[in-house]
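Q: Next comes query-v7.csv, CSV, C-alpha atoms:
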```
chain,number,residue,atom,x,y,z
A,1,MET,CA,0.0,0.0,0.0
A,2,ILE,CA,1.2,3.5,-0.7
A,3,LEU,CA,0.5,6.0,2.0
A,4,GLY,CA,0.5,9.8,1.3
A,5,PHE,CA,1.3,12.3,4.0
A,6,ILE,CA,0.5,16.0,4.4
A,7,SER,CA,1.2,18.1,7.5
A,8,ASP,CA,1.5,21.7,8.7
A,9,ILE,CA,-0.8,23.3,6.0
A,10,HIS,CA,-1.3,26.5,8.0
A,11,GLU,CA,-4.1,27.6,5.7
A,12,ASP,CA,-2.0,27.6,2.6
A,13,ILE,CA,-4.6,26.5,0.1
A,14,VAL,CA,-2.4,27.0,-3.0
A,15,SER,CA,0.3,24.6,-1.6
A,16,LEU,CA,-2.2,22.1,-0.3
A,17,LYS,CA,-3.7,21.8,-3.8
A,18,ARG,CA,-0.3,21.2,-5.3
A,19,ALA,CA,0.5,18.6,-2.6
A,20,LEU,CA,-2.7,16.7,-3.3
A,21,THR,CA,-1.9,16.8,-7.1
A,22,ILE,CA,1.5,15.2,-6.3
A,23,LEU,CA,0.0,12.5,-4.1
A,24,ASP,CA,-2.6,11.7,-6.8
A,25,ARG,CA,0.3,11.4,-9.3
A,26,GLU,CA,2.0,9.0,-6.9
A,27,GLN,CA,-1.1,6.8,-6.9
A,28,CYS,CA,-1.5,6.9,-3.1
A,29,ASP,CA,-4.0,4.4,-1.7
A,30,ARG,CA,-4.6,6.5,1.5
A,31,ILE,CA,-3.7,10.0,2.5
A,32,VAL,CA,-2.9,10.9,6.1
A,33,CYS,CA,-2.9,14.5,7.6
A,34,LEU,CA,-0.8,15.1,10.6
A,35,GLY,CA,-2.3,18.3,11.8
A,36,ASP,CA,-2.0,22.1,11.8
A,37,ILE,CA,-4.5,22.6,9.0
A,38,THR,CA,-5.0,26.0,10.5
A,39,GLY,CA,-2.6,28.5,12.1
A,40,PHE,CA,-1.5,31.5,10.1
A,41,SER,CA,0.9,34.3,11.2
A,42,PRO,CA,2.2,37.0,8.9
A,43,LEU,CA,5.5,36.8,10.7
A,44,TYR,CA,6.2,33.4,9.2
A,45,TYR,CA,4.1,33.0,6.1
A,46,PRO,CA,3.9,35.2,2.9
A,47,TYR,CA,0.5,34.2,1.5
A,48,ALA,CA,-1.9,36.4,3.5
A,49,LEU,CA,-3.9,37.2,0.4
A,50,THR,CA,-4.6,33.5,-0.6
A,51,ARG,CA,-4.9,31.9,2.9
A,52,ASP,CA,-8.2,30.0,3.3
A,53,ALA,CA,-8.7,27.9,6.4
A,54,ASN,CA,-12.1,26.7,5.5
A,55,ALA,CA,-11.1,25.6,2.0
A,56,CYS,CA,-8.1,23.7,3.5
A,57,ILE,CA,-10.2,21.9,6.1
A,58,GLU,CA,-12.7,20.9,3.4
A,59,LEU,CA,-10.0,19.5,1.1
A,60,VAL,CA,-8.5,17.6,4.0
A,61,ARG,CA,-12.0,16.2,4.9
A,62,GLN,CA,-12.5,15.1,1.3
A,63,ASN,CA,-9.1,13.5,0.7
A,64,CYS,CA,-7.7,12.2,4.0
A,65,SER,CA,-8.7,8.9,5.6
A,66,VAL,CA,-6.8,9.7,8.8
A,67,VAL,CA,-6.5,13.2,10.4
A,68,VAL,CA,-5.0,14.1,13.7
A,69,THR,CA,-5.0,17.5,15.4
A,70,GLY,CA,-2.0,19.9,15.8
A,71,ASN,CA,-1.3,22.6,18.3
A,72,HIS,CA,-2.6,25.3,16.0
A,73,ASP,CA,-5.8,23.4,15.3
A,74,LEU,CA,-6.4,23.1,19.0
A,75,PHE,CA,-6.0,26.8,19.4
A,76,SER,CA,-8.4,27.5,16.5
A,77,ALA,CA,-10.9,25.2,18.0
A,78,GLY,CA,-10.6,26.7,21.5
A,79,LEU,CA,-9.3,23.5,23.0
A,80,VAL,CA,-6.4,22.6,25.4
A,81,PRO,CA,-4.6,19.4,24.8
A,82,ARG,CA,-5.8,16.2,26.6
A,83,ASN,CA,-2.3,14.9,26.4
A,84,ASN,CA,-1.0,17.9,28.3
A,85,ALA,CA,2.6,16.8,28.9
A,86,GLY,CA,2.4,17.9,32.6
A,87,ILE,CA,1.0,21.4,32.0
A,88,GLN,CA,-2.0,22.2,34.1
A,89,TYR,CA,-4.5,24.4,32.1
A,90,PRO,CA,-7.1,26.2,34.2
A,91,ASP,CA,-10.8,25.8,33.1
A,92,ASN,CA,-10.9,29.5,32.0
A,93,TRP,CA,-7.7,29.2,30.0
A,94,PHE,CA,-8.9,31.1,26.9
A,95,ALA,CA,-10.4,34.0,29.0
A,96,ILE,CA,-7.1,34.7,30.8
A,97,ASP,CA,-4.9,37.6,29.8
A,98,LEU,CA,-1.9,36.7,27.6
A,99,ALA,CA,0.6,37.8,30.2
A,100,ASP,CA,-1.1,35.8,32.9
A,101,ARG,CA,-1.2,32.7,30.7
A,102,MET,CA,2.6,33.1,30.1
A,103,ASN,CA,3.2,33.4,33.8
A,104,LEU,CA,1.0,30.4,34.7
A,105,THR,CA,3.0,28.1,32.4
A,106,ASN,CA,6.4,29.7,32.8
A,107,GLY,CA,6.6,30.3,29.1
A,108,GLN,CA,6.7,26.5,28.4
A,109,ILE,CA,3.9,26.5,25.8
A,110,TRP,CA,3.0,28.2,22.6
A,111,LEU,CA,0.6,31.2,23.2
A,112,TYR,CA,0.0,32.2,19.5
A,113,GLU,CA,0.4,35.9,20.2
A,114,SER,CA,1.1,36.7,16.5
A,115,GLU,CA,-1.6,34.3,15.0
A,116,VAL,CA,-4.5,35.7,13.0
A,117,PRO,CA,-7.6,33.7,14.1
A,118,PRO,CA,-9.3,32.0,11.2
A,119,THR,CA,-13.0,32.8,10.5
A,120,LEU,CA,-14.3,29.2,10.5
A,121,THR,CA,-17.7,27.9,9.6
A,122,ARG,CA,-19.5,26.2,12.5
A,123,GLU,CA,-19.2,22.9,10.7
A,124,ASN,CA,-15.4,23.2,10.2
A,125,GLN,CA,-14.9,24.4,13.8
A,126,ASP,CA,-16.8,21.3,15.0
A,127,TYR,CA,-14.6,19.2,12.7
A,128,LEU,CA,-11.4,20.5,14.3
A,129,ARG,CA,-12.9,19.9,17.7
A,130,SER,CA,-13.6,16.2,16.8
A,131,LEU,CA,-10.1,15.3,15.7
A,132,PRO,CA,-8.0,12.8,17.8
A,133,GLU,CA,-4.7,13.8,19.2
A,134,ALA,CA,-3.0,10.7,17.8
A,135,ALA,CA,-4.1,7.7,15.7
A,136,ALA,CA,-2.9,4.1,15.1
A,137,ILE,CA,-3.2,2.2,11.9
A,138,THR,CA,-2.0,-1.3,10.9
A,139,VAL,CA,-1.1,-1.7,7.2
A,140,ASP,CA,0.3,-5.0,5.8
A,141,GLY,CA,1.1,-6.0,9.4
A,142,ILE,CA,3.0,-2.8,10.1
A,143,ARG,CA,1.7,-1.0,13.2
A,144,ILE,CA,2.0,2.8,12.7
A,145,LEU,CA,1.7,5.7,15.2
A,146,LEU,CA,0.4,8.9,13.6
A,147,SER,CA,0.7,12.2,15.6
A,148,HIS,CA,1.5,15.8,15.1
A,149,PHE,CA,4.5,15.7,17.4
A,150,LEU,CA,6.2,13.3,19.9
A,151,TYR,CA,4.9,11.6,23.1
A,152,PRO,CA,4.0,12.9,25.6
A,153,ASP,CA,3.4,16.2,23.7
A,154,VAL,CA,1.7,14.6,20.7
A,155,THR,CA,0.0,17.8,19.7
A,156,GLY,CA,3.2,19.9,19.7
A,157,SER,CA,1.8,22.4,22.3
A,158,LEU,CA,5.1,22.8,24.2
A,159,ARG,CA,7.9,25.2,23.2
A,160,LYS,CA,10.4,22.4,23.1
A,161,ARG,CA,13.6,21.9,21.0
A,162,LEU,CA,14.9,18.5,19.9
A,163,ASP,CA,18.7,18.9,20.3
A,164,ASP,CA,19.9,15.3,20.4
A,165,VAL,CA,18.7,11.8,20.2
A,166,CYS,CA,18.0,11.7,24.0
A,167,ASP,CA,15.1,14.1,23.4
A,168,TYR,CA,13.3,11.3,21.5
A,169,ARG,CA,13.6,8.8,24.4
A,170,GLU,CA,10.1,9.1,25.8
A,171,HIS,CA,8.6,8.8,22.3
A,172,PHE,CA,10.4,5.5,21.6
A,173,TRP,CA,9.5,4.2,25.0
A,174,TYR,CA,5.8,4.9,24.1
A,175,MET,CA,6.3,3.1,20.7
A,176,ARG,CA,7.8,0.0,22.4
A,177,LYS,CA,5.1,-0.1,25.1
A,178,ASN,CA,2.4,-0.1,22.4
A,179,SER,CA,4.2,-2.2,19.8
A,180,TYR,CA,4.5,0.4,17.1
A,181,ASN,CA,6.9,-0.4,14.2
A,182,LEU,CA,6.9,3.1,12.8
A,183,SER,CA,5.9,6.6,13.8
A,184,PHE,CA,5.2,9.6,11.5
A,185,ALA,CA,5.1,13.1,12.9
A,186,GLY,CA,4.8,16.7,11.6
A,187,HIS,CA,5.3,19.9,13.5
A,188,MET,CA,9.1,20.1,12.8
A,189,HIS,CA,8.8,21.6,9.3
A,190,LYS,CA,11.7,19.5,8.0
A,191,GLU,CA,13.3,20.4,4.7
A,192,GLY,CA,12.8,16.9,3.4
A,193,PHE,CA,12.5,14.4,6.2
A,194,GLU,CA,14.2,13.3,9.4
A,195,LEU,CA,14.8,9.6,10.3
A,196,VAL,CA,15.3,8.6,13.9
A,197,ASN,CA,16.0,5.1,15.2
A,198,GLY,CA,18.5,3.1,17.2
A,199,PHE,CA,21.2,4.0,14.7
A,200,GLY,CA,20.8,7.7,15.5
A,201,HIS,CA,19.0,10.6,13.8
A,202,ARG,CA,19.7,12.3,10.5
A,203,GLU,CA,18.0,14.7,8.1
A,204,HIS,CA,17.8,13.5,4.5
A,205,GLY,CA,16.4,16.3,2.4
A,206,PHE,CA,13.9,15.8,-0.4
A,207,ARG,CA,14.9,12.4,-1.6
A,208,LYS,CA,14.0,8.7,-1.7
A,209,LYS,CA,15.2,6.3,1.0
A,210,LYS,CA,14.6,2.7,2.2
A,211,ILE,CA,13.5,2.8,5.8
A,212,PRO,CA,15.2,0.1,8.0
A,213,ALA,CA,13.1,-2.6,9.7
A,214,ALA,CA,14.2,-1.2,13.1
A,215,ALA,CA,11.6,0.9,15.0
A,216,SER,CA,11.8,4.3,13.4
A,217,LEU,CA,10.3,7.8,13.6
A,218,ILE,CA,10.0,9.8,10.4
A,219,GLY,CA,9.6,13.6,10.7
A,220,LEU,CA,7.9,15.2,7.8
A,221,PRO,CA,8.1,18.5,5.8
A,222,ALA,CA,5.4,21.2,6.0
A,223,VAL,CA,3.0,21.8,3.2
A,224,ALA,CA,2.9,25.5,4.0
A,225,GLY,CA,5.2,27.7,2.0
A,226,GLY,CA,7.1,29.8,4.5
A,227,ARG,CA,10.7,30.1,5.8
A,228,THR,CA,11.5,26.5,5.1
A,229,LYS,CA,11.3,24.5,1.9
A,230,ASN,CA,7.9,22.8,1.8
A,231,GLY,CA,6.8,19.4,0.6
A,232,THR,CA,4.7,16.2,0.9
A,233,ALA,CA,5.7,12.6,1.3
A,234,VAL,CA,4.8,9.0,0.4
A,235,PHE,CA,5.6,5.7,2.0
A,236,ASN,CA,5.3,2.3,0.3
A,237,THR,CA,4.5,-0.4,2.9
A,238,ASP,CA,5.5,-3.2,0.5
A,239,ASN,CA,9.1,-2.3,0.2
A,240,PHE,CA,9.6,0.3,3.0
A,241,GLU,CA,10.6,3.0,0.5
A,242,PHE,CA,9.9,6.5,1.8
A,243,LYS,CA,10.1,9.6,-0.4
A,244,ALA,CA,9.9,13.3,0.5
A,245,ILE,CA,8.8,15.4,-2.5
A,246,ARG,CA,9.3,19.1,-2.8
A,247,ILE,CA,6.2,21.1,-3.7
```
For this file, write the structure as structure tokens.
A:
Amino acid sequence: MILGFISDIHEDIVSLKRALTILDREQCDRIVCLGDITGFSPLYYPYALTRDANACIELVRQNCSVVVTGNHDLFSAGLVPRNNAGIQYPDNWFAIDLADRMNLTNGQIWLYESEVPPTLTRENQDYLRSLPEAAAITVDGIRILLSHFLYPDVTGSLRKRLDDVCDYREHFWYMRKNSYNLSFAGHMHKEGFELVNGFGHREHGFRKKKIPAAASLIGLPAVAGGRTKNGTAVFNTDNFEFKAIRI
């Protein structure tokens, strides 16, 4: 089976349409979306005149068989993460002043102070609110974890850097505990893709590579066109060939 991946769309409808055209050309059997359909800031993205959160959500709904939420989707939907990575959110979180929210969490989480809130239809807001924070699929005997970021912060709500392989330790513990063979995540806006496993971690750019049989995490590129090179990806479960494709 050929799985197609899109992630970190950030309301970029032009790039999303291009990504879906590429995945159609690659003859994907299923398409997975790993979150952040919404979340636009003019500080990071140059497409203010073409951004369209509703159109992006509708295309994802039409084309993707599995969709998980990202940190920006949670913010757009007015939700705090259920997998809160140890952060205690008060019940009136969204009514609290920005400075007070920063003090309450010691600056550990994203507060989206530069974000332009999308004007969503009620149907699309309800859709965002319905999305799971992670999903599991089994394809050709391969058990796969799908999330926006890494356990225990699967939605990517923490302001956390990944500086060395030790920062992936909890995620791989979670994979072993739940017998996942592979894990795919977005959020990191890789210029190509990152491969992490027992052999270490390395970024590979936009290219094709055979994924080893060892338990592995693959970090994906963003669909959104911004400060980093954007792209989409496909994975063939028959031969374990993964390909990151520039948009």
Q: Give me the stretch 50-154 of chain A side of the contact with stretch 229-238 of chain A, cut-off 12 Å, one line per residue showing its nearest atom pair and distance in Å at one decimal, counting all atoms listed in the file, sorted by chain and residue number, as CSV.
A:
```
residue,atom,partner,partner_atom,distance
A:Thr138,CA,A:Thr237,CA,10.3
A:Val139,CA,A:Thr237,CA,7.2
A:Asp140,CA,A:Thr237,CA,6.9
A:Gly141,CA,A:Thr237,CA,9.2
A:Ile142,CA,A:Thr237,CA,7.7
A:Arg143,CA,A:Thr237,CA,10.7
A:Ile144,CA,A:Thr237,CA,10.6
```
Q: Which one is closest to A:Asp52: A:Met102, A:Leu120, A:Phe75, A:Arg25? Count only C-alpha atoms.
A: A:Leu120
Q: List as number ranges by chain the protein and nucleic acid residues near A:Pro46, meaning an atom at most 12 Å away when all atoms listed in the file are counted, but skip any in the same chain fewer than 6 places from it.
A: A: 10-12, 14, 40, 224-228
Q: Have a look at atom CA of A:Val32 and atom CA of A:Ala135 and let me know their distance in Å, one decimal.
A: 10.2 Å
Q: By how many Å are atom CA of A:Leu111 and atom CA of A:Gly156 apart?
A: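 Distance reported for this atom pair: 12.1 Å.
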Q: Give me, please, the distance in Å between atom CA of A:Asp153 and atom CA of A:Ala85, quoted to one decimal.
A: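 Those two atoms sit 5.3 Å apart.
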Q: Could you check which of A:Ala19, A:Leu43, A:Ile31, A:Ala77 is closest to A:Asn124, using all atoms listed in the file?
A: A:Ala77
Q: Excluding same-chain residues fewer than 6 positions from A:Val116, what lies within 10 Å of it counting only C-alpha atoms, as a PDB file with C-alpha atoms, in the frame of the given file?
A:
```
ATOM      1  CA  GLY A  39      -2.600  28.500  12.100  1.00  0.00           C
ATOM      2  CA  PHE A  40      -1.500  31.500  10.100  1.00  0.00           C
ATOM      3  CA  SER A  41       0.900  34.300  11.200  1.00  0.00           C
ATOM      4  CA  PRO A  42       2.200  37.000   8.900  1.00  0.00           C
ATOM      5  CA  ALA A  48      -1.900  36.400   3.500  1.00  0.00           C
ATOM      6  CA  SER A  76      -8.400  27.500  16.500  1.00  0.00           C
TER       7      SER A  76
END
```
Q: Which residues, written as a ChimeraX atom specification, have at least one atom at most 10 Å from A:Phe172, with all atoms listed in the file counted and residues fewer than 3 positions away on the same chain left out?
A: /A:150-151,167-169,175-178,180,182-183,196-198,215-217
Q: So that I can see what lies close to stretch 58-64 of chain A, please list as a PDB file with C-alpha atoms, keeping the file's coordinate frame the residues with an atom at most 7 Å from it, counting all atoms listed in the file and leaving out residues fewer than 2 positions away in the same chain.
A:
```pdb
ATOM      1  CA  ARG A  30      -4.600   6.500   1.500  1.00  0.00           C
ATOM      2  CA  ILE A  31      -3.700  10.000   2.500  1.00  0.00           C
ATOM      3  CA  VAL A  32      -2.900  10.900   6.100  1.00  0.00           C
ATOM      4  CA  CYS A  33      -2.900  14.500   7.600  1.00  0.00           C
ATOM      5  CA  ASN A  54     -12.100  26.700   5.500  1.00  0.00           C
ATOM      6  CA  ALA A  55     -11.100  25.600   2.000  1.00  0.00           C
ATOM      7  CA  CYS A  56      -8.100  23.700   3.500  1.00  0.00           C
ATOM      8  CA  VAL A  66      -6.800   9.700   8.800  1.00  0.00           C
ATOM      9  CA  VAL A  67      -6.500  13.200  10.400  1.00  0.00           C
TER      10      VAL A  67
END
```
Q: When you count only C-alpha atoms, which of these residues is closest to A:Phe199: A:Arg159, A:Ala185, A:Val165, A:Tyr47?
A: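 Of A:Arg159, A:Ala185, A:Val165, A:Tyr47, the one nearest A:Phe199 is A:Val165, counting only C-alpha atoms.
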Q: From the set A:Leu128, A:Cys166, A:Leu158, A:Ala213, which residue has the shortest atom-to-atom contact distance to A:Gly86, counting only C-alpha atoms?
A: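 Checking each of A:Leu128, A:Cys166, A:Leu158, A:Ala213 against A:Gly86, counting only C-alpha atoms, the winner is A:Leu158.
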Q: Since the input is missing atoms, can you rebuild N, CA and C atoms for stretch 214-240 of chain A and write them as a tab-separated table (two decimals), keeping the file's coordinate frame?
A:
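Final file, part.tsv:
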```tsv
chain	number	residue	atom	x	y	z
A	214	ALA	N	14.15	-1.63	11.72
A	214	ALA	CA	14.20	-1.20	13.10
A	214	ALA	C	13.09	-0.16	13.38
A	215	ALA	N	12.56	-0.14	14.63
A	215	ALA	CA	11.60	0.90	15.00
A	215	ALA	C	12.07	2.25	14.68
A	216	SER	N	11.30	3.03	13.93
A	216	SER	CA	11.80	4.30	13.40
A	216	SER	C	10.72	5.39	13.51
A	217	LEU	N	11.18	6.62	13.69
A	217	LEU	CA	10.30	7.80	13.60
A	217	LEU	C	10.73	8.58	12.37
A	218	ILE	N	9.74	9.02	11.60
A	218	ILE	CA	10.00	9.80	10.40
A	218	ILE	C	9.32	11.20	10.63
A	219	GLY	N	10.13	12.25	10.63
A	219	GLY	CA	9.60	13.60	10.70
A	219	GLY	C	9.44	14.21	9.35
A	220	LEU	N	8.29	14.84	9.11
A	220	LEU	CA	7.90	15.20	7.80
A	220	LEU	C	8.05	16.70	7.46
A	221	PRO	N	8.04	17.05	6.17
A	221	PRO	CA	8.10	18.50	5.80
A	221	PRO	C	6.68	19.10	5.96
A	222	ALA	N	6.67	20.42	5.94
A	222	ALA	CA	5.40	21.20	6.00
A	222	ALA	C	4.89	21.40	4.57
A	223	VAL	N	3.58	21.37	4.42
A	223	VAL	CA	3.00	21.80	3.20
A	223	VAL	C	3.06	23.27	2.97
A	224	ALA	N	2.90	24.03	4.06
A	224	ALA	CA	2.90	25.50	4.00
A	224	ALA	C	4.18	26.04	3.43
A	225	GLY	N	4.06	27.00	2.55
A	225	GLY	CA	5.20	27.70	2.00
A	225	GLY	C	5.59	28.86	2.88
A	226	GLY	N	6.72	28.76	3.59
A	226	GLY	CA	7.10	29.80	4.50
A	226	GLY	C	8.64	29.97	4.48
A	227	ARG	N	9.24	29.95	5.67
A	227	ARG	CA	10.70	30.10	5.80
A	227	ARG	C	11.47	28.89	5.39
A	228	THR	N	10.83	27.74	5.41
A	228	THR	CA	11.50	26.50	5.10
A	228	THR	C	10.96	25.94	3.75
A	229	LYS	N	11.75	25.12	3.09
A	229	LYS	CA	11.30	24.50	1.90
A	229	LYS	C	10.16	23.52	2.21
A	230	ASN	N	9.07	23.59	1.44
A	230	ASN	CA	7.90	22.80	1.80
A	230	ASN	C	7.74	21.59	0.88
A	231	GLY	N	6.91	20.63	1.36
A	231	GLY	CA	6.80	19.40	0.60
A	231	GLY	C	5.70	18.48	1.14
A	232	THR	N	5.65	17.32	0.54
A	232	THR	CA	4.70	16.20	0.90
A	232	THR	C	5.56	14.95	0.91
A	233	ALA	N	4.92	13.81	1.21
A	233	ALA	CA	5.70	12.60	1.30
A	233	ALA	C	4.83	11.36	1.02
A	234	VAL	N	5.49	10.26	0.60
A	234	VAL	CA	4.80	9.00	0.40
A	234	VAL	C	5.64	7.87	1.01
A	235	PHE	N	4.94	6.83	1.46
A	235	PHE	CA	5.60	5.70	2.00
A	235	PHE	C	4.96	4.41	1.46
A	236	ASN	N	5.80	3.52	0.90
A	236	ASN	CA	5.30	2.30	0.30
A	236	ASN	C	5.52	1.16	1.36
A	237	THR	N	4.43	0.61	1.87
A	237	THR	CA	4.50	-0.40	2.90
A	237	THR	C	5.00	-1.76	2.39
A	238	ASP	N	4.99	-1.93	1.07
A	238	ASP	CA	5.50	-3.20	0.50
A	238	ASP	C	6.98	-3.32	0.53
A	239	ASN	N	7.68	-2.22	0.22
A	239	ASN	CA	9.10	-2.30	0.20
A	239	ASN	C	9.84	-1.33	1.13
A	240	PHE	N	9.05	-0.66	2.00
A	240	PHE	CA	9.60	0.30	3.00
A	240	PHE	C	10.34	1.45	2.38
```
